[in-house]
Each structure stands twice: as C-alpha cells, then as structure tokens.
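K.L.:
Structure below; questions to follow.
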Amino acid sequence: MSDASTGSTTGGAGSAGEEGVRLQKVLANRGVASRRVAEQMIVEGRVRVNGLVVTELGRRIHPETDLVDVDGTAIQLDESKRYVILNKPTGVVSSMSDDRGRPDLRRYTKDWDERLYNVGRLDADTSGLLVLTNDGDLAHVLAHPSFGVTKVYIAKVEGQVLPQTIQRLLKGVELEDGRIAADKARLLDASRGESLVELTLHSGKNRIVRRMMAEVGHPVVELVRRQFGPLHLGTLPVGKARELTTVERGALLTLSRRDGDAPVE
C-alpha cells in the first residue's frame, strides 16, 4: 500500500530501510543541489521516487533501480549510462561499421569507454544532430515513430517554395510507402532560385524529408537536422561530439519515462 502524498511504502525499491543510500546524499552526489538544499527540496515535496512524492529525510533509495525526479524533471542515477550528441558531417554513414568502407561513427565514440550506438539514422548526405548512447530503453523511445518524438530539419531546396506548397506539406503527400504529413512546416527564406524550409516530423521513414520535398517539386540541395526531441544542435561544430549537459539529460530522461509506456496512435 502506498500514500502518494507522503511517498511512504512498504517494502520494494525505494523503501525506507537500512539498505540503500539516503535520498539527499544521492541528489547531492548527482549535482542536483547541496545536501542542505536537497533536504529542503524533499521537505517541500519537490522530489519523487518511483512516481511517489517523498517528504521524509530518512528515505533511502537504490540508485541502480529507483527512478527519481525533482520538480518533474528526471535525474540520472545510473552512472553507467552515457548520452552524447554529435553534429554528424555529410559523407559519414550512421553506423558503427560499414561493409563498403565508408567513414562511420567509430571515430566520434573513441573518447568514451562505453560502447555507444546511434539512435536512429541520418543519411550519409545529411548532416546534423545524432544521439549516441548505451541506454537501450531511451533509444527505443527516441527512435520509434509510435512515440511521436519530433525532429526538426532545415532543408535547402531547389526553386521558389510557395505558401500553397507549405500547406500541401502540412496536409500530407502521397509517397510510395503511404501518406505522410509534416507536423509543422514553414518557409524561412527564398532567394536566387533556392528556398530554405523548416520541417518538423515524427516519422522515422527512410529519407523522408528528401522524398517529401521531391514530391512537391523541390528537390533537396542540402539537409541538416537541428533538433531531436528536447535536444538542440546549438553551436556544436560539424564533426564534434559532446556529452549532454545535466539539463539536457534530465529533459531526455523525463521524455523517456513519460512516453516509455504510452506510444501515440
């Protein structure tokens, strides 16, 4: 039996017992706040363990198995998990090895001891944001289109894109593998026979942006992914990788825990 207002439980992970580590110590060790401030957060009811609010300072948890969030934002407790963002250059395949000998992602993961894998793919001729991780559960939520995680692309395309074309992208176009519509679409710029279009999609279909733009008569000249879920490429240079910040990890894990059991239709 549990009480959501106090977080008191009987047995199970996160139970108040002699085993485990004090919650405020865990929060301090993970850089959330000093132990004193963490204690205040707990007393104020801002911390949850496995979905239940905790207000007692004596609570002990198991960082390996328990899920903790503060003010609704997930906290990474499992230090074995690694989360990396890469600004993938064109000419690099989204794979850890390539049977055709093309440049792959191994050169960007050598700085980490963990065996990292890419979440989803970007075409070799597409640059931009790619997530590398060893967290399989999170990778599944991010990559599978049923969870509705959106990606934002900037496409330089041939020709002058008209408002009617943007509306067509939003209403949907027929492709060989079915009808697809952009979640959002807008014209950013148009000059010298080319246009910049921003497309937001949750589809994971292969080469989807290129196929959509070709279908409406504007073949892609250059394509970059600027955003993946809560992650933004920002000023990360092409060909560079970095670990996610504490805030970015929190946003990503919050998304994973929220959507992990609730795929969209």
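Chain lettering (A, B, ...) mirrors the order of the structure tokens, residue numbering begins at 1 for each chain separately, and ligand numbering begins at 1 in order of display.
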Where does DSSP see alpha helix (DSSP H) in stretch 7-193 of chain A, if you list the residues as a VMD selection string?

P.N.:
chain A and resid 23 to 29 35 to 43 136 to 143 163 to 171

K.L.:
Got a sec: who's within 12 Å of A:Leu233, counting only C-alpha atoms, leaving out chain neighbours fewer than 2 positions off, as a ChimeraX atom specification?

P.N.:
/A:84-88,127-131,151-154,224-231,235-242,244,248

K.L.:
So, with only C-alpha atoms as the atoms that count, which of A:Arg35, A:Lys205, A:His218, A:Lys156 lies closest to A:Leu169?

P.N.:
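Among the listed residues, the smallest separation from A:Leu169 belongs to A:His218.
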
K.L.:
Give me, as JSON lines, the closest atom pair and its distance (Å, one decimal) for every residue of stretch 75-167 of chain A within a cut-off of 12 Å of stretch 44-62 of chain A, counting only C-alpha atoms, rows sorted by chain and rising number.

P.N.:
```
{"residue": "A:Ile75", "atom": "CA", "partner": "A:Val47", "partner_atom": "CA", "distance": 10.1}
{"residue": "A:Leu77", "atom": "CA", "partner": "A:His62", "partner_atom": "CA", "distance": 9.1}
{"residue": "A:Asp78", "atom": "CA", "partner": "A:His62", "partner_atom": "CA", "distance": 10.0}
```

K.L.:
Take the residues from that selection and put them in a file with N, CA, C and O atoms, as a PDB file, in the first residue's frame.

P.N.:
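That gives us result.pdb:
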```pdb
ATOM      1  N   ILE A  75      16.124  12.634 -12.910  1.00  0.00           N
ATOM      2  CA  ILE A  75      17.526  12.724 -12.506  1.00  0.00           C
ATOM      3  C   ILE A  75      18.225  11.430 -12.896  1.00  0.00           C
ATOM      4  O   ILE A  75      17.736  10.337 -12.589  1.00  0.00           O
ATOM      5  N   LEU A  77      20.553   8.617 -12.302  1.00  0.00           N
ATOM      6  CA  LEU A  77      21.236   7.993 -11.170  1.00  0.00           C
ATOM      7  C   LEU A  77      22.199   6.902 -11.620  1.00  0.00           C
ATOM      8  O   LEU A  77      23.187   6.643 -10.949  1.00  0.00           O
ATOM      9  N   ASP A  78      21.903   6.267 -12.735  1.00  0.00           N
ATOM     10  CA  ASP A  78      22.746   5.190 -13.239  1.00  0.00           C
ATOM     11  C   ASP A  78      23.937   5.792 -13.986  1.00  0.00           C
ATOM     12  O   ASP A  78      23.824   6.227 -15.123  1.00  0.00           O
TER      13      ASP A  78
END
```

K.L.:
Using only C-alpha atoms, determine which residues lie at most 12 Å from A:Ala33, disregarding the query and same-chain residues fewer than 4 positions distant; provide the list as number ranges by chain.

P.N.:
A: 23-29, 37-42, 70, 75, 246

K.L.:
Generate a file of the selected residues that holds C-alpha atoms, formatted as a short mmCIF file (atom, residue, chain, number, x, y, z; two decimals), in the first residue's frame.

P.N.:
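Dumped to again_3.cif:
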```
data_model
loop_
_atom_site.label_atom_id
_atom_site.label_comp_id
_atom_site.auth_asym_id
_atom_site.auth_seq_id
_atom_site.Cartn_x
_atom_site.Cartn_y
_atom_site.Cartn_z
CA LEU A 23 17.99 10.39 -0.93
CA GLN A 24 19.53 13.77 -0.14
CA LYS A 25 23.02 12.30 -0.47
CA VAL A 26 22.16 10.84 -3.88
CA LEU A 27 20.81 14.20 -5.08
CA ALA A 28 23.93 16.00 -3.85
CA ASN A 29 26.24 13.44 -5.46
CA VAL A 37 19.26 22.36 -0.31
CA ALA A 38 18.33 18.80 -1.33
CA GLU A 39 16.88 18.25 2.12
CA GLN A 40 14.78 21.39 1.74
CA MET A 41 13.56 20.16 -1.66
CA ILE A 42 12.45 16.90 -0.07
CA VAL A 70 12.84 16.78 -8.96
CA ILE A 75 17.53 12.72 -12.51
CA THR A 246 22.68 17.83 -16.77
#
```

K.L.:
Nearest residue to A:Gly250 out of A:Val32, A:Val216, A:Ala124, A:Leu201, using only C-alpha atoms?

P.N.:
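Selected residue with least distance to A:Gly250: A:Val32.
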